[in-house]
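Source file protein.cif; content: mmCIF, C-alpha atoms.
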data_model
#
loop_
_atom_site.group_PDB
_atom_site.id
_atom_site.type_symbol
_atom_site.label_atom_id
_atom_site.label_comp_id
_atom_site.auth_asym_id
_atom_site.auth_seq_id
_atom_site.Cartn_x
_atom_site.Cartn_y
_atom_site.Cartn_z
ATOM 1 C CA MET A 1 28.960 -11.187 43.149
ATOM 2 C CA MET A 2 25.533 -10.844 41.543
ATOM 3 C CA SER A 3 22.562 -11.209 43.867
ATOM 4 C CA ASN A 4 20.128 -14.074 43.303
ATOM 5 C CA THR A 5 17.010 -13.083 41.343
ATOM 6 C CA PRO A 6 14.168 -15.001 39.706
ATOM 7 C CA PHE A 7 15.131 -13.461 36.355
ATOM 8 C CA PRO A 8 17.225 -15.254 33.729
ATOM 9 C CA GLN A 9 20.371 -13.688 32.337
ATOM 10 C CA TYR A 10 19.715 -11.490 29.279
ATOM 11 C CA PRO A 11 20.610 -13.573 26.200
ATOM 12 C CA VAL A 12 23.832 -12.821 24.370
ATOM 13 C CA ALA A 13 23.372 -11.129 20.967
ATOM 14 C CA ARG A 14 23.323 -13.742 18.189
ATOM 15 C CA LEU A 15 23.407 -11.736 15.013
ATOM 16 C CA ASN A 16 26.360 -11.645 12.659
ATOM 17 C CA ARG A 17 27.146 -10.532 9.133
ATOM 18 C CA GLU A 18 26.511 -13.983 7.626
ATOM 19 C CA ASP A 19 23.065 -14.105 9.248
ATOM 20 C CA ILE A 20 22.122 -10.752 7.735
ATOM 21 C CA ILE A 21 23.353 -11.709 4.262
ATOM 22 C CA ALA A 22 21.359 -14.946 4.423
ATOM 23 C CA TYR A 23 18.296 -13.019 5.584
ATOM 24 C CA LEU A 24 18.520 -10.335 2.854
ATOM 25 C CA THR A 25 19.342 -12.596 -0.109
ATOM 26 C CA PRO A 26 15.749 -13.834 -0.738
ATOM 27 C CA TYR A 27 14.551 -10.216 -0.742
ATOM 28 C CA LEU A 28 17.214 -9.323 -3.300
ATOM 29 C CA GLU A 29 15.913 -12.162 -5.484
ATOM 30 C CA LYS A 30 12.378 -10.855 -5.019
ATOM 31 C CA GLY A 31 13.373 -7.543 -6.574
ATOM 32 C CA TRP A 32 14.362 -5.303 -3.684
ATOM 33 C CA GLU A 33 17.346 -3.043 -4.350
ATOM 34 C CA ILE A 34 19.912 -4.102 -1.746
ATOM 35 C CA TYR A 35 23.522 -2.950 -1.762
ATOM 36 C CA GLN A 36 26.747 -3.462 0.116
ATOM 37 C CA GLY A 37 27.633 -0.166 1.787
ATOM 38 C CA ASN A 38 31.002 1.533 1.951
ATOM 39 C CA GLN A 39 31.870 -0.604 4.958
ATOM 40 C CA GLU A 40 31.965 -4.366 5.222
ATOM 41 C CA ASN A 41 29.238 -4.414 7.861
ATOM 42 C CA GLN A 42 26.812 -2.059 6.186
ATOM 43 C CA PHE A 43 23.860 -2.920 3.942
ATOM 44 C CA ILE A 44 21.534 -0.464 2.207
ATOM 45 C CA VAL A 45 17.987 -1.090 0.978
ATOM 46 C CA ARG A 46 16.432 1.512 -1.323
ATOM 47 C CA LEU A 47 12.822 1.940 -0.209
ATOM 48 C CA LEU A 48 11.871 4.993 -2.261
ATOM 49 C CA ASP A 49 13.655 7.344 -4.600
ATOM 50 C CA ASN A 50 14.567 9.558 -1.635
ATOM 51 C CA LEU A 51 14.558 7.116 1.277
ATOM 52 C CA LYS A 52 16.942 4.308 2.228
ATOM 53 C CA LEU A 53 17.059 1.714 4.974
ATOM 54 C CA PHE A 54 20.445 1.013 6.587
ATOM 55 C CA ILE A 55 21.594 -2.052 8.487
ATOM 56 C CA GLU A 56 25.041 -1.500 9.925
ATOM 57 C CA LEU A 57 27.334 -2.487 12.751
ATOM 58 C CA ARG A 58 28.147 0.405 15.095
ATOM 59 C CA GLU A 59 30.294 -0.036 18.198
ATOM 60 C CA GLY A 60 29.609 -3.733 18.333
ATOM 61 C CA LYS A 61 25.820 -3.407 17.876
ATOM 62 C CA TRP A 62 23.740 -3.792 14.725
ATOM 63 C CA ARG A 63 21.503 -0.823 14.044
ATOM 64 C CA VAL A 64 18.495 -0.482 11.721
ATOM 65 C CA TYR A 65 17.552 3.024 10.625
ATOM 66 C CA THR A 66 15.995 4.896 7.730
ATOM 67 C CA GLY A 67 17.380 8.091 6.274
ATOM 68 C CA LEU A 68 18.296 10.106 3.231
ATOM 69 C CA ASP A 69 21.924 9.016 3.346
ATOM 70 C CA VAL A 70 24.540 7.424 5.579
ATOM 71 C CA ASP A 71 24.526 9.085 9.033
ATOM 72 C CA LYS A 72 21.501 11.176 8.051
ATOM 73 C CA SER A 73 18.912 9.168 9.911
ATOM 74 C CA LEU A 74 15.255 10.075 10.094
ATOM 75 C CA ALA A 75 14.379 7.248 12.456
ATOM 76 C CA ILE A 76 16.237 4.501 14.319
ATOM 77 C CA TRP A 77 14.046 1.414 14.456
ATOM 78 C CA ALA A 78 16.042 -1.087 16.480
ATOM 79 C CA TYR A 79 19.359 -2.450 17.706
ATOM 80 C CA PRO A 80 18.483 -6.081 16.936
ATOM 81 C CA ASP A 81 20.131 -8.939 18.805
ATOM 82 C CA ASN A 82 18.716 -11.700 16.591
ATOM 83 C CA LEU A 83 17.003 -12.340 13.245
ATOM 84 C CA GLY A 84 13.538 -12.079 14.756
ATOM 85 C CA GLU A 85 14.228 -8.568 15.983
ATOM 86 C CA LEU A 86 15.864 -7.661 12.677
ATOM 87 C CA ASP A 87 12.841 -8.868 10.705
ATOM 88 C CA SER A 88 10.405 -7.008 12.962
ATOM 89 C CA ALA A 89 12.407 -3.776 12.692
ATOM 90 C CA ILE A 90 12.611 -3.901 8.898
ATOM 91 C CA ILE A 91 8.902 -4.706 8.499
ATOM 92 C CA THR A 92 7.991 -1.667 10.600
ATOM 93 C CA ALA A 93 10.549 0.608 8.950
ATOM 94 C CA VAL A 94 9.399 -0.284 5.419
ATOM 95 C CA SER A 95 5.709 0.018 6.221
ATOM 96 C CA VAL A 96 5.868 3.298 8.126
ATOM 97 C CA GLY A 97 8.649 4.855 6.063
ATOM 98 C CA SER A 98 6.892 4.245 2.751
ATOM 99 C CA VAL A 99 3.797 6.324 3.517
ATOM 100 C CA GLY A 100 5.007 8.841 0.926
ATOM 101 C CA SER A 101 5.446 6.248 -1.818
ATOM 102 C CA PRO A 102 4.568 7.297 -5.413
ATOM 103 C CA SER A 103 1.669 4.841 -5.451
ATOM 104 C CA GLY A 104 0.172 6.421 -2.345
ATOM 105 C CA THR A 105 0.012 3.037 -0.648
ATOM 106 C CA ARG A 106 2.143 1.515 2.046
ATOM 107 C CA ILE A 107 4.913 -0.807 0.861
ATOM 108 C CA GLU A 108 5.052 -4.246 2.449
ATOM 109 C CA TRP A 109 8.426 -5.884 3.066
ATOM 110 C CA SER A 110 6.908 -9.317 2.415
ATOM 111 C CA SER A 111 5.853 -8.226 -1.072
ATOM 112 C CA ALA A 112 7.879 -7.242 -4.091
ATOM 113 C CA PRO A 113 8.891 -3.552 -4.199
ATOM 114 C CA THR A 114 6.656 -1.037 -5.981
ATOM 115 C CA ALA A 115 9.440 1.364 -7.014
ATOM 116 C CA VAL A 116 12.970 0.975 -8.388
ATOM 117 C CA ARG A 117 15.818 3.242 -9.446
ATOM 118 C CA LEU A 118 17.342 2.555 -12.857
ATOM 119 C CA ASN A 119 21.084 2.943 -13.404
ATOM 120 C CA GLU A 120 22.501 4.132 -16.728
ATOM 121 C CA ARG A 121 25.452 1.723 -16.443
ATOM 122 C CA GLU A 122 23.276 -1.341 -15.799
ATOM 123 C CA PRO A 123 20.744 -1.784 -18.659
ATOM 124 C CA ALA A 124 20.413 -5.540 -18.076
ATOM 125 C CA SER A 125 19.774 -5.014 -14.357
ATOM 126 C CA ASN A 126 17.300 -2.252 -15.225
ATOM 127 C CA LEU A 127 15.356 -4.721 -17.349
ATOM 128 C CA ALA A 128 15.321 -7.207 -14.472
ATOM 129 C CA LYS A 129 14.068 -4.496 -12.101
ATOM 130 C CA LEU A 130 11.129 -3.701 -14.381
ATOM 131 C CA VAL A 131 10.375 -7.411 -14.713
ATOM 132 C CA ALA A 132 10.328 -7.668 -10.908
ATOM 133 C CA LEU A 133 7.835 -4.788 -10.684
ATOM 134 C CA ILE A 134 5.521 -6.414 -13.228
ATOM 135 C CA GLY A 135 5.734 -9.773 -11.473
ATOM 136 C CA SER A 136 2.898 -12.124 -12.342
ATOM 137 C CA SER A 137 0.767 -9.413 -13.956
ATOM 138 C CA SER A 138 0.216 -9.280 -17.715
ATOM 139 C CA ILE A 139 1.133 -6.344 -19.933
ATOM 140 C CA GLU A 140 -2.125 -5.264 -21.550
ATOM 141 C CA ALA A 141 -1.198 -1.926 -23.134
ATOM 142 C CA ILE A 142 1.839 0.310 -23.639
ATOM 143 C CA PHE A 143 1.984 4.054 -24.163
ATOM 144 C CA ASP A 144 5.399 5.228 -25.355
ATOM 145 C CA ALA A 145 5.746 7.997 -27.929
ATOM 146 C CA TYR A 146 9.175 6.574 -28.842
ATOM 147 C CA LEU A 147 8.126 2.940 -29.104
ATOM 148 C CA ASP A 148 10.074 1.500 -32.045
ATOM 149 C CA ASN A 149 11.728 -1.782 -33.075
ATOM 150 C CA ARG A 150 14.214 -1.508 -30.208
ATOM 151 C CA GLY A 151 11.376 -0.873 -27.769
ATOM 152 C CA LEU A 152 9.563 -3.981 -28.992
ATOM 153 C CA GLU A 153 12.798 -5.913 -28.515
ATOM 154 C CA THR A 154 12.796 -4.829 -24.855
ATOM 155 C CA ILE A 155 9.279 -6.247 -24.451
ATOM 156 C CA LEU A 156 10.405 -9.440 -26.154
ATOM 157 C CA ASN A 157 13.264 -9.717 -23.668
ATOM 158 C CA MET A 158 10.778 -9.282 -20.835
ATOM 159 C CA ALA A 159 8.792 -12.192 -22.225
ATOM 160 C CA THR A 160 11.921 -14.376 -22.220
ATOM 161 C CA LEU A 161 12.281 -13.523 -18.515
ATOM 162 C CA GLY A 162 8.794 -14.812 -17.784
ATOM 163 C CA ILE A 163 6.545 -11.770 -18.182
ATOM 164 C CA ASN A 164 3.062 -12.437 -19.571
ATOM 165 C CA ILE A 165 2.080 -10.436 -22.659
ATOM 166 C CA SER A 166 -1.632 -10.165 -23.403
ATOM 167 C CA THR A 167 -2.605 -11.701 -26.741
ATOM 168 C CA ASN A 168 -4.714 -8.564 -27.243
ATOM 169 C CA ILE A 169 -2.019 -6.077 -26.249
ATOM 170 C CA ARG A 170 -2.535 -2.504 -27.459
ATOM 171 C CA LEU A 171 0.536 -0.453 -28.391
ATOM 172 C CA LEU A 172 0.407 3.311 -28.810
ATOM 173 C CA THR A 173 3.374 5.192 -30.282
ATOM 174 C CA SER A 174 3.986 8.426 -32.205
ATOM 175 C CA THR A 175 3.516 8.913 -35.935
ATOM 176 C CA LYS A 176 7.164 9.902 -36.392
ATOM 177 C CA MET A 177 8.217 6.380 -35.348
ATOM 178 C CA VAL A 178 6.410 4.862 -38.346
ATOM 179 C CA GLN A 179 7.332 7.523 -40.889
ATOM 180 C CA LEU A 180 10.461 7.513 -43.014
ATOM 181 C CA SER A 181 13.478 8.933 -41.212
ATOM 182 C CA SER A 182 16.889 8.782 -42.902
ATOM 183 C CA GLY A 183 15.467 6.274 -45.357
ATOM 184 C CA MET A 184 13.834 3.895 -42.849
ATOM 185 C CA PRO A 185 11.087 4.197 -40.214
ATOM 186 C CA ARG A 186 12.120 3.283 -36.665
ATOM 187 C CA LEU A 187 9.073 1.036 -36.267
ATOM 188 C CA THR A 188 8.778 -1.242 -39.288
ATOM 189 C CA THR A 189 5.775 -3.335 -40.231
ATOM 190 C CA SER A 190 7.942 -6.358 -41.054
ATOM 191 C CA TYR A 191 9.477 -6.428 -37.581
ATOM 192 C CA VAL A 192 6.104 -5.798 -35.935
ATOM 193 C CA ARG A 193 4.613 -8.717 -37.861
ATOM 194 C CA ASN A 194 7.395 -11.087 -36.781
ATOM 195 C CA TRP A 195 7.184 -9.788 -33.195
ATOM 196 C CA LEU A 196 3.454 -10.432 -32.984
ATOM 197 C CA ASN A 197 3.798 -13.919 -34.489
ATOM 198 C CA GLN A 198 6.607 -14.888 -32.128
ATOM 199 C CA LEU A 199 4.654 -13.800 -29.042
ATOM 200 C CA GLY A 200 1.378 -15.229 -30.317
ATOM 201 C CA CYS A 201 -0.401 -11.884 -29.977
ATOM 202 C CA SER A 202 -3.133 -12.646 -32.480
ATOM 203 C CA GLY A 203 -5.447 -9.894 -31.251
ATOM 204 C CA ALA A 204 -2.796 -7.188 -30.827
ATOM 205 C CA GLU A 205 -3.085 -3.759 -32.392
ATOM 206 C CA ILE A 206 -0.684 -0.848 -32.872
ATOM 207 C CA ARG A 207 -1.781 2.747 -33.334
ATOM 208 C CA HIS A 208 0.011 6.076 -33.564
ATOM 209 C CA ASN A 209 -0.662 9.751 -32.941
ATOM 210 C CA PRO A 210 1.406 12.829 -33.942
ATOM 211 C CA TYR A 211 2.995 13.332 -30.525
ATOM 212 C CA THR A 212 5.821 15.801 -29.957
ATOM 213 C CA GLY A 213 8.051 16.442 -26.960
ATOM 214 C CA HIS A 214 8.259 14.444 -23.748
ATOM 215 C CA GLN A 215 5.321 12.189 -22.899
ATOM 216 C CA ARG A 216 4.546 10.105 -19.849
ATOM 217 C CA ARG A 217 5.519 6.482 -20.599
ATOM 218 C CA PHE A 218 3.613 3.687 -18.967
ATOM 219 C CA MET A 219 2.358 0.130 -19.241
ATOM 220 C CA LEU A 220 -1.171 -0.856 -18.298
ATOM 221 C CA LEU A 221 -1.046 -4.124 -16.390
ATOM 222 C CA SER A 222 -3.647 -6.592 -15.256
ATOM 223 C CA ARG A 223 -4.875 -6.184 -11.667
ATOM 224 C CA SER A 224 -5.653 -2.503 -12.364
ATOM 225 C CA GLN A 225 -2.043 -1.361 -12.147
ATOM 226 C CA SER A 226 0.038 1.046 -14.202
ATOM 227 C CA LEU A 227 3.823 0.784 -14.421
ATOM 228 C CA ILE A 228 5.306 4.249 -14.882
ATOM 229 C CA VAL A 229 8.454 3.325 -16.766
ATOM 230 C CA GLY A 230 10.260 6.657 -16.833
ATOM 231 C CA PRO A 231 12.513 6.214 -19.891
ATOM 232 C CA SER A 232 11.442 5.029 -23.300
ATOM 233 C CA LEU A 233 11.584 1.272 -23.751
ATOM 234 C CA ASN A 234 14.093 1.694 -26.578
ATOM 235 C CA ASN A 235 16.801 2.734 -24.095
ATOM 236 C CA LEU A 236 16.970 1.584 -20.476
ATOM 237 C CA SER A 237 20.507 2.916 -19.938
ATOM 238 C CA VAL A 238 19.316 5.871 -17.854
ATOM 239 C CA ASN A 239 19.204 7.172 -14.300
ATOM 240 C CA GLU A 240 15.470 7.358 -13.690
ATOM 241 C CA ALA A 241 12.856 5.984 -11.328
ATOM 242 C CA SER A 242 10.056 3.554 -12.206
ATOM 243 C CA HIS A 243 7.091 2.721 -10.031
ATOM 244 C CA LEU A 244 3.684 1.060 -9.835
ATOM 245 C CA GLU A 245 0.464 2.904 -9.121
ATOM 246 C CA PRO A 246 -3.282 2.340 -9.657
ATOM 247 C CA ASP A 247 -4.230 2.660 -13.328
ATOM 248 C CA THR A 248 -7.239 4.928 -12.717
ATOM 249 C CA ALA A 249 -5.823 7.989 -14.492
ATOM 250 C CA ASP A 250 -3.663 6.230 -17.077
ATOM 251 C CA ILE A 251 -6.309 3.860 -18.431
ATOM 252 C CA SER A 252 -8.683 6.767 -19.052
ATOM 253 C CA PHE A 253 -5.927 8.761 -20.764
ATOM 254 C CA PHE A 254 -4.870 5.770 -22.863
ATOM 255 C CA ASN A 255 -8.400 4.994 -24.031
ATOM 256 C CA ASN A 256 -8.962 8.611 -25.087
ATOM 257 C CA GLU A 257 -5.709 8.676 -27.046
ATOM 258 C CA TRP A 258 -6.471 5.281 -28.565
ATOM 259 C CA GLN A 259 -9.758 6.471 -29.988
ATOM 260 C CA SER A 260 -8.112 9.304 -31.922
ATOM 261 C CA ALA A 261 -5.036 7.329 -33.047
ATOM 262 C CA GLN A 262 -4.421 5.881 -36.516
ATOM 263 C CA GLN A 263 -4.021 2.141 -36.898
ATOM 264 C CA LEU A 264 -0.761 0.719 -38.208
ATOM 265 C CA SER A 265 -1.492 -1.969 -40.784
ATOM 266 C CA VAL A 266 0.720 -5.015 -40.383
#
Rewrite the coordinates I just gave you, this time as structure tokens.
Amino acid sequence: MMSNTPFPQYPVARLNREDIIAYLTPYLEKGWEIYQGNQENQFIVRLLDNLKLFIELREGKWRVYTGLDVDKSLAIWAYPDNLGELDSAIITAVSVGSVGSPSGTRIEWSSAPTAVRLNEREPASNLAKLVALIGSSSIEAIFDAYLDNRGLETILNMATLGINISTNIRLLTSTKMVQLSSGMPRLTTSYVRNWLNQLGCSGAEIRHNPYTGHQRRFMLLSRSQSLIVGPSLNNLSVNEASHLEPDTADISFFNNEWQSAQQLSV
């Protein structure tokens, strides 16, 4: 028989799989990469390109930990008994674990993610991931040495998903995209003209420089942000990472390249 004490009985754990799914679903819709693990009671959140957060049932207890892979934990944050404890553990894990993020700033669980991993088999999902990173910001400039008609179509698709495109957007591509190749340039003035009219970009301008080889591809966004895309916008079927960072370096680079570039007459 238990002795009488002034202390209440420790509450029974009230956390089940359905609770966790309901908790994680809004974050999935916000843009976080959340996956079902190899087990029924395992969920994986990609925090950074090389760091994951795991929520899994082990020996009757839910466990929250961060690591490089399953069973390769770097830190165990909690064995939550309820949603409050789960939320607190994830907030701490995301904030502390993301110190090495590409942007150099701490990621907040309450905000949209600042980095995503693209999957070569999921081009439509890749587009949605980039849209989630851009959020309510406007695209003000794009640097992509392979920006062509297909790349502009990707931007058009972003607009149909709710992304704001500046009416004065500046587009910088390579000269070889506008020159004849196999009888037809990859970036045509007729398509550009229709693209600009459809989006209402009356003050937009496209320029080109004779770039060769691999170039950093990025979008300059409002709110002083730069989206490092990774692949060219003409093909999102790739395994690469994309992330947000301050535009300090990219806006200076873009403006320098813009000054020396040749205007495309449309």
query: Near Leu264 in chain A, within 8 Å and counting all atoms listed in the file, which residues show up once chain neighbours fewer than 3 positions away are dropped, as a list of chain:residue names?
result: A:Thr189, A:Glu205, A:Ile206, A:Arg207, A:His208
Write the residues of the selection above to a file with C-alpha atoms, as a compact mmCIF listing (two decimals), keeping the file's coordinate frame.
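File written: selection.txt
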# COMPACT_ATOMS: atom_id res chain seq x y z
CA THR A 189 5.78 -3.34 -40.23
CA GLU A 205 -3.08 -3.76 -32.39
CA ILE A 206 -0.68 -0.85 -32.87
CA ARG A 207 -1.78 2.75 -33.33
CA HIS A 208 0.01 6.08 -33.56
message: Quick check on the file I pasted: which residues fall under the PyMOL selection byres ((chain A and resi 65) around 9)? Write them as a VMD selection string.
response: chain A and resid 52 to 56 63 to 64 66 to 67 73 to 78 89 to 90 93
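Nearest residue to Gln215 in chain A among A:Leu133, A:Ile169, A:Leu147, A:Ile34 is A:Leu147, counting only C-alpha atoms.
Interatomic distance, CA of Ser260 in chain A against CA of Ile134 in chain A: 28.0 Å.
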Box dimensions and centre (Å, one decimal) enclosing range 76-89 of chain A, axis-aligned, 8 Å extra per side, as AutoDock Vina command-line options:
--center_x 15.3 --center_y -3.9 --center_z 14.8 --size_x 25.7 --size_y 32.8 --size_z 24.1
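Ranking A:Ile91, A:Ala115, A:Ile165, A:Cys201 by their shortest atom-to-atom distance to Asn50 in chain A, with only C-alpha atoms included, puts A:Ala115 first.
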Reference answer for the PyMOL selection byres ((chain A and resi 136) around 10), as a PyMOL selection string: chain A and resi 131-135+137-139+162-164+221-223
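Restricting the calculation to only C-alpha atoms, the smallest distance between Leu130 in chain A and any of A:Thr167, A:Ser242, A:Ser232, A:Gln179 is found for A:Ser242.
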message: For Thr175 in chain A, find every residue with an atom within 9 Å (counting all atoms listed in the file), except residues of its own chain fewer than 6 positions away, and show them as a ChimeraX atom specification.
response: /A:145,207-211,262
Spatial neighbours of Arg46 in chain A, 12 Å, all atoms listed in the file, chain gap at least 3 places, as a VMD selection string: chain A and resid 27 to 28 31 to 37 43 49 to 55 66 to 69 93 to 94 97 to 98 101 107 109 113 to 118 241
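Separating CA of Ser226 in chain A from CA of Lys129 in chain A is a distance of 15.2 Å.
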- prompt: What lies within 12 Å of Thr212 in chain A using only C-alpha atoms, ignoring chain neighbours under 6 positions off, as a ChimeraX atom specification?
  reply: /A:144-146,173-177
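The spacing separating CA of Leu244 in chain A from CA of Ile228 in chain A amounts to 6.2 Å.
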task: Go through A:Val238, A:Met184, A:Ile142, A:Ile155 and flag the residue nearest Ile251 in chain A, using all atoms listed in the file for the distances.
output: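 Closest to Ile251 in chain A, using all atoms listed in the file: A:Ile142.
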- request: Specify as a ChimeraX atom specification each residue included when the PyMOL selection byres ((chain A and resi 13-20) around 12) is applied to this file.
  value: /A:10-12,21-27,34,36,39-44,54-57,60-64,79-87,90
task: Find the residues near Val229 in chain A: any atom within 7 Å, counting all atoms listed in the file, skip ones fewer than 5 places away on the same chain, and give them as a PyMOL selection string.
output: chain A and resi 217-218+242-243
message: Ranking A:Val192, A:Leu236, A:Met219, A:Ala128 by minimum distance to Leu161 in chain A and counting all atoms listed in the file, which one comes first?
response: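 Among the listed residues, A:Ala128 lies closest to Leu161 in chain A.
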message: Between A:Asp71, A:Leu127, A:Leu227, A:Gln198, which residue has the minimum interatomic distance to Asn157 in chain A, considering all atoms listed in the file?
response: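 Using all atoms listed in the file, Asn157 in chain A sits closest to A:Leu127.
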